[in-house]
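Participant: Questions regarding the structure given below will be posed in turn.
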There are 2 protein chains.
Amino acid sequence: MSSFNTKLDPDTPRVSVASDQAFEVLKRIFCASGCSENISQQIAEHLIDASLCGVESHGVMRTLQYVEQFKSGYMNPRGEPEFCERAPGVWEVDGHEGIGIPAMHLAYSQGMSKAEKTGISALAVRHVGHTGRHGAFADHAAQAGFLTICVGGGNRKIWRQVAPHGGAKAMLPTNPWCVGIPGGHRGPVVLDFATSKIAGGWIYAARSAGALLPENCVIDSGGRPTRKPEDYFSGGAILPSGEHKGYALALIGELIGEAMLGPATTECHWLLITMNAAHFRERQGVGAVAEEILAELRACPPAPGFDRVEIPGEREREHRQRTTGVLSIPASTWDRIQALSGSASDSRLPFVLSSKVNNKGE
Amino acid sequence: MSSFNTKLDPDTPRVSVASDQAFEVLKRIFCASGCSENISQQIAEHLIDASLCGVESHGVMRTLQYVEQFKSGYMNPRGEPEFCERAPGVWEVDGHEGIGIPAMHLAYSQGMSKAEKTGISALAVRHVGHTGRHGAFADHAAQAGFLTICVGGGNRKIWRQVAPHGGAKAMLPTNPWCVGIPGGHRGPVVLDFATSKIAGGWIYAARSAGALLPENCVIDSGGRPTRKPEDYFSGGAILPSGEHKGYALALIGELIGEAMLGPATTECHWLLITMNAAHFRERQGVGAVAEEILAELRACPPAPGFDRVEIPGEREREHRQRTTGVLSIPASTWDRIQALSGSASDSRLPFVLSSKVNNKGE
């Protein structure tokens with residue numbers, strides 16, 4: 001969506017890095033942090049894919065945050081996700097305080113397997129750190145024929161980031177919602193958004209890159225609008241998206257994560273609902289009608305200031321295709337990642353070094 | 001939420017009507033339209049409750065629209081909802097082209113009964129006309145201990161109301177989302193919103209009352225912002241709420257209603273997901289933590305221009321309590337309703353007739 005385009009200042013100096021080189025650097029870093037080789041690979045692959053999809057806030061820049069969180073003891077690098085049935089039909093993936101990316105992989109896989117049999121399944125994901133880019137999991141599940149709704153929250157006492165609608169103080173986490181559904185010829189439709197005006201990750205990204213935030217998204221400790229990332233970290237708050245609507249979605253996430261699934265540990269808890277999209281109608285019919293709907297929208301005349309109407313989820317897939325395996329990363333972010341890996345010279349492509357590579361979050 | 005307060009012009013002349021008198025008028029009208037006594041009572045009760053809750057767009061003013069839709073053949077007044085199992089575990093309420101209010105009653109009741117046994121249930125509601133105020137059903141289910149997610153859409157070829165984000169033309173219905181979850185001492189938390197900046201009902205309400213629309217919600221046929229309800233009916237469009245976020249929620253609703261559950265007939269189709277909120281944790285724990293979260297939010301310092309932070313769903317319950325059974329209805333709307341019932345003189349309370357009774361959609 002066009003509103004994403006200016007989240008990082010386009011003048012931020014950038015470097016281009018081949019994804020297989022980035023993979024080795026990231027994997028080495030996570031292994032050195034104490035993660036198993038398998039977990040390290042899953043995290044590295046996930047972050048690189050997010051960067052290739054143009055979702056910079058959930059891409060390789062998260063390496064810095066994760067390493068810090070492993071070091072501080074906030075996440076356990078040795079936490080391996082485990083699927084368990086706590087009572088008949090009560091299914092859970094316990095992340096054992098580890099990073100949430102492999103836990104989410106496991107949850108979606110189990111959710112689909114259960115929904116295959118019963119039509120619909122509910123699964124809790126508990127005791128996990130950051131869960132990465134949810135859209136990646138939803139896209140995968142929708143390609144396999146499943147509608148998924150993933151929502152969560154909890155642990156607001158640590159993650160008070162967002163002011164409620166009408167409030168002057170950060171009270172709630174950004175509690176995202178993610179919904180994926182099979183689409184037409186070009187793949188699934190994926191909604192993956194924070195219930196705040198911007199995701200918390202953008203503030204880390206902007207601070208890491210020395211960039212300004214977009215307007216009217218964040219208030220400072222006095223409740224005044226600000227574009228400076230530091231103001232947020234000094235007692236400010238993010239505003240909810242769509243006023244009372246984003247606030248209500250965030251609050252539902254908090255009630256699910258903390259009241260239904262809590263007490264939350266590590267980052268937060270998630271409820272994953274997985275449904276066979278062909279439960280009520282055969283799969284071919286679902287895809288044919290979806291394609292008809294999406295084709296109509298692609299043909300909608302654009303509003304002034306827009307090139308076209310987009311289908312949620314397609315921008316990321318198109319970005320991934322365009323980048324052909326080369327990441328564009330803010331130079332200062334990549335320097336810090338390389339410093340962590342102890343390999344400051346071998347991972348930058350010598351022939352691509354530009355301050356204006358196209359990576360504005362498209 | 002405060003942004004609702006100005007949807008109808010506060011200067012609109014209003015009359016006050018006792019709810020039991022309004023009930024008799026509405027019931028008579030629906031019976032005369034061909035509905036059974038039972039269905040007529042359910043519709044009348046539902047609309048009056050919505051008006052008492054201050055949700056004017058879904059209140060007694062809908063009588064005019066429903067009667068027109070029965071007369072035109074758009075809805076069948078004799079359509080009675082029926083619960084059926086189309087295949088093992090594939091549950092549906094078939095509205096038989098009738099009004100959707102009794103069909104939703106039945107769906108929530110069946111959804112709860114199935115979820116009681118399995119933890120979670122999915123149920124389709126098909127072939128229904130307007131389904132009334134969804135928040136009423138969700139509130140009821142949440143009071144009984146259930147998390148519900150109800151979303152739908154379809155039939156956009158008849159109901160092209162909302163422009164996609166970045167588009168200049170109405171392509172999608174307002175496809176609402178409704179989520180209810182048990183809360184604390186003061187009752188459930190209920191999110192019930194159109195994915196457009198305003199619900200379609202507000203435009204009918206404003207036209208019926210001769211009022212202007214709020215700013216930045218509707219574009220005319222040339223894509224220009226407008227406040228005139230008539231501009232919408234002459235080729236305009238409502239804008240999506242929260243830009244790409246509301247658009248994505250609306251599109252998911254359309255894919256569910258039309259691709260998964262279609263082809264849509266009458267108004268649209270709905271997917272109702274019902275989950276026992278005590279599936280993962282005993283009910284008392286859920287309620288205690290919910291109360292803690294909600295109490296914190298109520299104590300949040302208000303932002304400039306706001307009196308307080310509200311809990312979604314509480315405004316409606318508080319409004320119902322305050323109104324003590326007396327409806328405040330735009331005079332022109334009530335005149336038209338009375339004209340339909342053939343009882344223009346017996347249903348207005350003689351001692352309350354004011355142009356500024358407090359009913360601004362709070």
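Letters for chains follow the order of the structure tokens (A, B, ...), residue numbers begin at 1 for each chain, and ligand numbers begin at 1 in the order shown.
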Residues of chain B within 8 Å of chain A, counting only C-alpha atoms - could you list those as a PyMOL selection string?

Facilitator: chain B and resi 1+89-90+118-122+124+164-169+171+179+181+189+191+193+223+241-242+244-245+248-249+252+255+258-261+277-281+285-290+293+297+300-310+312

Participant: Could you write those residues out with C-alpha atoms, as a PDB file, in the first residue's frame?

Facilitator:
```pdb
ATOM      1  CA  MET B   1     -16.171   6.342  20.741  1.00  0.00           C
ATOM      2  CA  GLY B  89     -19.451 -31.213  10.625  1.00  0.00           C
ATOM      3  CA  VAL B  90     -20.473 -28.733   7.899  1.00  0.00           C
ATOM      4  CA  THR B 118     -15.516 -29.235  20.634  1.00  0.00           C
ATOM      5  CA  GLY B 119     -13.971 -25.969  21.838  1.00  0.00           C
ATOM      6  CA  ILE B 120     -14.449 -24.226  18.511  1.00  0.00           C
ATOM      7  CA  SER B 121     -17.051 -24.259  15.739  1.00  0.00           C
ATOM      8  CA  ALA B 122     -17.448 -22.789  12.262  1.00  0.00           C
ATOM      9  CA  ALA B 124     -22.090 -20.513   7.652  1.00  0.00           C
ATOM     10  CA  PRO B 164     -10.658  -0.014  -2.335  1.00  0.00           C
ATOM     11  CA  HIS B 165      -7.644   1.825  -0.866  1.00  0.00           C
ATOM     12  CA  GLY B 166      -6.081   3.690  -3.762  1.00  0.00           C
ATOM     13  CA  GLY B 167      -9.198   3.332  -5.927  1.00  0.00           C
ATOM     14  CA  ALA B 168     -11.661   5.949  -7.185  1.00  0.00           C
ATOM     15  CA  LYS B 169     -14.730   3.750  -7.549  1.00  0.00           C
ATOM     16  CA  MET B 171     -16.240  -1.853  -5.613  1.00  0.00           C
ATOM     17  CA  VAL B 179     -15.744  -9.842  17.581  1.00  0.00           C
ATOM     18  CA  ILE B 181     -15.096 -11.695  24.098  1.00  0.00           C
ATOM     19  CA  VAL B 189     -15.859  -6.344  25.107  1.00  0.00           C
ATOM     20  CA  LEU B 191     -15.983  -4.819  18.502  1.00  0.00           C
ATOM     21  CA  PHE B 193     -17.514  -2.134  12.893  1.00  0.00           C
ATOM     22  CA  GLY B 223     -13.729  10.984  -6.449  1.00  0.00           C
ATOM     23  CA  SER B 241     -11.419   2.727   7.303  1.00  0.00           C
ATOM     24  CA  GLY B 242      -7.711   2.941   8.137  1.00  0.00           C
ATOM     25  CA  HIS B 244      -5.253  -0.315   3.389  1.00  0.00           C
ATOM     26  CA  LYS B 245      -6.259  -1.995   6.673  1.00  0.00           C
ATOM     27  CA  ALA B 248      -7.957  -5.672   3.445  1.00  0.00           C
ATOM     28  CA  LEU B 249     -10.573  -6.557   6.092  1.00  0.00           C
ATOM     29  CA  ILE B 252     -11.284 -10.863   3.281  1.00  0.00           C
ATOM     30  CA  LEU B 255     -13.658 -13.638  -0.253  1.00  0.00           C
ATOM     31  CA  GLU B 258     -18.602 -14.953  -1.998  1.00  0.00           C
ATOM     32  CA  ALA B 259     -15.664 -17.279  -2.762  1.00  0.00           C
ATOM     33  CA  MET B 260     -15.911 -19.575   0.272  1.00  0.00           C
ATOM     34  CA  LEU B 261     -19.672 -19.425   0.912  1.00  0.00           C
ATOM     35  CA  ALA B 277     -13.307 -18.631  25.951  1.00  0.00           C
ATOM     36  CA  ALA B 278     -12.484 -21.060  28.770  1.00  0.00           C
ATOM     37  CA  HIS B 279     -10.979 -23.594  26.338  1.00  0.00           C
ATOM     38  CA  PHE B 280      -7.426 -22.879  27.452  1.00  0.00           C
ATOM     39  CA  ARG B 281      -7.962 -21.519  30.954  1.00  0.00           C
ATOM     40  CA  GLY B 285      -9.117 -16.680  35.573  1.00  0.00           C
ATOM     41  CA  VAL B 286     -10.195 -15.277  32.221  1.00  0.00           C
ATOM     42  CA  GLY B 287     -12.616 -12.846  33.867  1.00  0.00           C
ATOM     43  CA  ALA B 288     -10.218 -11.702  36.574  1.00  0.00           C
ATOM     44  CA  VAL B 289      -7.434 -10.840  34.136  1.00  0.00           C
ATOM     45  CA  ALA B 290      -9.884  -9.210  31.717  1.00  0.00           C
ATOM     46  CA  ILE B 293      -6.830  -5.000  31.761  1.00  0.00           C
ATOM     47  CA  LEU B 297      -7.624   1.339  30.402  1.00  0.00           C
ATOM     48  CA  CYS B 300      -5.732   6.026  31.336  1.00  0.00           C
ATOM     49  CA  PRO B 301      -5.378   9.836  31.270  1.00  0.00           C
ATOM     50  CA  PRO B 302      -7.563  11.151  28.418  1.00  0.00           C
ATOM     51  CA  ALA B 303      -6.054  12.825  25.366  1.00  0.00           C
ATOM     52  CA  PRO B 304      -6.919  16.485  24.716  1.00  0.00           C
ATOM     53  CA  GLY B 305     -10.539  16.674  23.533  1.00  0.00           C
ATOM     54  CA  PHE B 306     -11.615  13.436  25.207  1.00  0.00           C
ATOM     55  CA  ASP B 307     -13.399  12.924  28.536  1.00  0.00           C
ATOM     56  CA  ARG B 308     -12.230   9.378  29.095  1.00  0.00           C
ATOM     57  CA  VAL B 309     -10.980   6.187  27.501  1.00  0.00           C
ATOM     58  CA  GLU B 310     -13.891   3.906  26.656  1.00  0.00           C
ATOM     59  CA  PRO B 312     -15.694  -1.126  23.245  1.00  0.00           C
TER      60      PRO B 312
END
```

Participant: Just the residues within 8 Å of stretch 322-328 of chain B, please, counting only C-alpha atoms, with nothing from its chain fewer than 2 positions along; format it as a ChimeraX atom specification.

Facilitator: /B:14-20,48,51-52,318-320,330,357-359

Participant: Hey, what's within 12 Å of B:Glu37 if we count only C-alpha atoms and toss same-chain stuff fewer than 5 positions away? As a list in words, please?

Facilitator: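 My list of contacting residues is Glu24, Leu26, Lys27, Arg28, Ile29, Phe30, Cys31, Ala32, Gln42, Ile43, Ala44, Pro77, Arg78 and Glu80 of chain B.
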
Participant: May I have the selected residues written with C-alpha atoms, as an mmCIF file, in the first residue's frame?

Facilitator:
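This is the output file again21.cif:
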```cif
data_model
loop_
_atom_site.group_PDB
_atom_site.id
_atom_site.type_symbol
_atom_site.label_atom_id
_atom_site.label_comp_id
_atom_site.auth_asym_id
_atom_site.auth_seq_id
_atom_site.Cartn_x
_atom_site.Cartn_y
_atom_site.Cartn_z
ATOM 1 C CA GLU B 24 -46.357 -2.469 18.866
ATOM 2 C CA LEU B 26 -43.006 -2.024 14.438
ATOM 3 C CA LYS B 27 -44.512 -5.451 15.040
ATOM 4 C CA ARG B 28 -47.718 -4.388 13.295
ATOM 5 C CA ILE B 29 -45.708 -3.119 10.317
ATOM 6 C CA PHE B 30 -43.693 -6.330 9.927
ATOM 7 C CA CYS B 31 -46.763 -8.531 10.352
ATOM 8 C CA ALA B 32 -48.489 -6.453 7.683
ATOM 9 C CA GLN B 42 -37.708 -10.593 16.836
ATOM 10 C CA ILE B 43 -37.125 -7.780 14.335
ATOM 11 C CA ALA B 44 -38.981 -5.185 16.394
ATOM 12 C CA PRO B 77 -40.999 -11.941 4.544
ATOM 13 C CA ARG B 78 -41.903 -15.642 4.855
ATOM 14 C CA GLU B 80 -37.731 -18.668 8.212
#
```

Participant: How many Å separate atom CA of A:Leu239 from atom CA of A:Val162?

Facilitator: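 Atom CA of A:Leu239 sits 5.8 Å away from atom CA of A:Val162.
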
Participant: Please return, as a ChimeraX atom specification, all residues of stretch 17-81 of chain A that DSSP assigns to alpha helix (DSSP H) on the basis of the backbone.

Facilitator: /A:19-32,37-52,62-72

Participant: According to DSSP computed on the backbone, where in stretch 264-331 of chain A is there strand (DSSP E)? Give the residues as a PyMOL selection string.

Facilitator: chain A and resi 268-276+326-330

Participant: Write out the residues from the selection above, keeping all heavy atoms, as a compact mmCIF listing (two decimals), in the first residue's frame.

Facilitator:
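Just written: selection.txt:
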```txt
# COMPACT_ATOMS: atom_id res chain seq x y z
N CYS A 268 4.68 -12.57 24.09
CA CYS A 268 3.22 -12.61 24.21
C CYS A 268 2.70 -13.97 23.79
O CYS A 268 3.46 -14.87 23.48
CB CYS A 268 2.57 -11.49 23.42
SG CYS A 268 2.92 -11.53 21.65
N HIS A 269 1.39 -14.13 23.78
CA HIS A 269 0.73 -15.38 23.41
C HIS A 269 -0.17 -15.17 22.21
O HIS A 269 -0.68 -14.07 22.00
CB HIS A 269 -0.12 -15.89 24.58
CG HIS A 269 0.69 -16.36 25.75
ND1 HIS A 269 0.17 -16.55 26.99
CD2 HIS A 269 2.00 -16.68 25.86
CE1 HIS A 269 1.11 -16.97 27.82
NE2 HIS A 269 2.23 -17.04 27.16
N TRP A 270 -0.41 -16.25 21.47
CA TRP A 270 -1.17 -16.15 20.22
C TRP A 270 -2.26 -17.20 20.16
O TRP A 270 -2.05 -18.33 20.61
CB TRP A 270 -0.23 -16.36 19.02
CG TRP A 270 0.88 -15.38 18.99
CD1 TRP A 270 2.11 -15.54 19.56
CD2 TRP A 270 0.87 -14.07 18.41
NE1 TRP A 270 2.87 -14.41 19.36
CE2 TRP A 270 2.14 -13.50 18.65
CE3 TRP A 270 -0.08 -13.33 17.71
CZ2 TRP A 270 2.47 -12.22 18.23
CZ3 TRP A 270 0.25 -12.07 17.28
CH2 TRP A 270 1.51 -11.53 17.54
N LEU A 271 -3.36 -16.83 19.54
CA LEU A 271 -4.40 -17.80 19.19
C LEU A 271 -4.38 -17.94 17.67
O LEU A 271 -4.47 -16.94 16.95
CB LEU A 271 -5.78 -17.29 19.64
CG LEU A 271 -6.98 -18.13 19.19
CD1 LEU A 271 -6.96 -19.52 19.83
CD2 LEU A 271 -8.29 -17.41 19.53
N LEU A 272 -4.23 -19.17 17.22
CA LEU A 272 -4.24 -19.43 15.78
C LEU A 272 -5.49 -20.25 15.44
O LEU A 272 -5.64 -21.37 15.93
CB LEU A 272 -2.99 -20.20 15.35
CG LEU A 272 -2.97 -20.67 13.90
CD1 LEU A 272 -2.98 -19.49 12.93
CD2 LEU A 272 -1.76 -21.57 13.63
N ILE A 273 -6.36 -19.66 14.62
CA ILE A 273 -7.54 -20.37 14.12
C ILE A 273 -7.26 -20.75 12.67
O ILE A 273 -6.87 -19.89 11.87
CB ILE A 273 -8.79 -19.47 14.23
CG1 ILE A 273 -9.13 -19.21 15.70
CG2 ILE A 273 -9.98 -20.10 13.51
CD1 ILE A 273 -10.18 -18.13 15.92
N THR A 274 -7.40 -22.02 12.37
CA THR A 274 -7.11 -22.51 11.02
C THR A 274 -8.34 -23.22 10.49
O THR A 274 -8.90 -24.08 11.17
CB THR A 274 -5.92 -23.50 11.04
OG1 THR A 274 -4.83 -22.90 11.72
CG2 THR A 274 -5.49 -23.86 9.62
N MET A 275 -8.74 -22.88 9.30
CA MET A 275 -9.94 -23.46 8.73
C MET A 275 -9.69 -23.91 7.30
O MET A 275 -9.04 -23.20 6.53
CB MET A 275 -11.05 -22.40 8.75
CG MET A 275 -12.40 -23.00 8.48
SD MET A 275 -13.70 -21.77 8.52
CE MET A 275 -14.87 -22.68 7.53
N ASN A 276 -10.17 -25.07 6.97
CA ASN A 276 -10.10 -25.53 5.59
C ASN A 276 -11.00 -24.63 4.74
O ASN A 276 -12.21 -24.59 4.94
CB ASN A 276 -10.58 -26.99 5.54
CG ASN A 276 -10.51 -27.57 4.15
OD1 ASN A 276 -10.20 -26.86 3.18
ND2 ASN A 276 -10.81 -28.85 4.05
N VAL A 326 18.74 -10.39 -3.95
CA VAL A 326 19.69 -9.38 -3.45
C VAL A 326 18.98 -8.47 -2.46
O VAL A 326 17.94 -7.87 -2.78
CB VAL A 326 20.30 -8.55 -4.61
CG1 VAL A 326 21.24 -7.48 -4.05
CG2 VAL A 326 21.04 -9.45 -5.58
N LEU A 327 19.54 -8.38 -1.26
CA LEU A 327 18.96 -7.56 -0.22
C LEU A 327 19.48 -6.13 -0.30
O LEU A 327 20.66 -5.92 -0.59
CB LEU A 327 19.34 -8.12 1.16
CG LEU A 327 18.89 -9.53 1.47
CD1 LEU A 327 19.67 -10.08 2.67
CD2 LEU A 327 17.41 -9.54 1.76
N SER A 328 18.60 -5.18 0.02
CA SER A 328 19.04 -3.79 0.16
C SER A 328 18.84 -3.39 1.62
O SER A 328 17.70 -3.39 2.11
CB SER A 328 18.20 -2.91 -0.77
OG SER A 328 18.37 -1.56 -0.44
N ILE A 329 19.92 -3.08 2.29
CA ILE A 329 19.88 -2.88 3.74
C ILE A 329 20.49 -1.53 4.09
O ILE A 329 21.53 -1.17 3.52
CB ILE A 329 20.68 -4.00 4.46
CG1 ILE A 329 20.23 -5.38 3.95
CG2 ILE A 329 20.54 -3.92 5.97
CD1 ILE A 329 21.11 -6.51 4.44
N PRO A 330 19.88 -0.76 5.02
CA PRO A 330 20.54 0.47 5.46
C PRO A 330 21.98 0.17 5.88
O PRO A 330 22.23 -0.78 6.64
CB PRO A 330 19.68 0.93 6.64
CG PRO A 330 18.33 0.39 6.35
CD PRO A 330 18.58 -0.94 5.69
```

Participant: Can you pull out every residue within 10 Å of A:Gly210, counting only C-alpha atoms, but drop anything in the same chain fewer than 5 positions away, and send it as a PDB file with C-alpha atoms, in the first residue's frame?

Facilitator:
```pdb
ATOM      1  CA  LEU A   8      12.249   4.911   5.984  1.00  0.00           C
ATOM      2  CA  ASP A   9      13.748   8.053   4.555  1.00  0.00           C
ATOM      3  CA  THR A  12      19.168   6.574   3.974  1.00  0.00           C
ATOM      4  CA  TYR A 204      13.478   0.343  15.705  1.00  0.00           C
ATOM      5  CA  ALA A 205      14.206   0.467  11.947  1.00  0.00           C
ATOM      6  CA  LYS A 228      11.614  11.483  16.203  1.00  0.00           C
ATOM      7  CA  PRO A 229      12.072   7.798  17.108  1.00  0.00           C
ATOM      8  CA  PRO A 330      20.540   0.474   5.461  1.00  0.00           C
ATOM      9  CA  SER A 332      24.506   1.436   9.298  1.00  0.00           C
ATOM     10  CA  THR A 333      22.280  -1.553  10.083  1.00  0.00           C
TER      11      THR A 333
END
```

Participant: I'd like the interatomic distance between atom CA of A:Trp334 and atom CA of A:Ala22, to a tenth of an Å.

Facilitator: 9.6 Å

Participant: For a quick check of understanding, using only C-alpha atoms, which of B:Gly135, B:Gly129, B:Gly145, B:Gly200 has the smallest distance to B:Met112?

Facilitator: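 Of B:Gly135, B:Gly129, B:Gly145, B:Gly200, the one nearest B:Met112, counting only C-alpha atoms, is B:Gly145.
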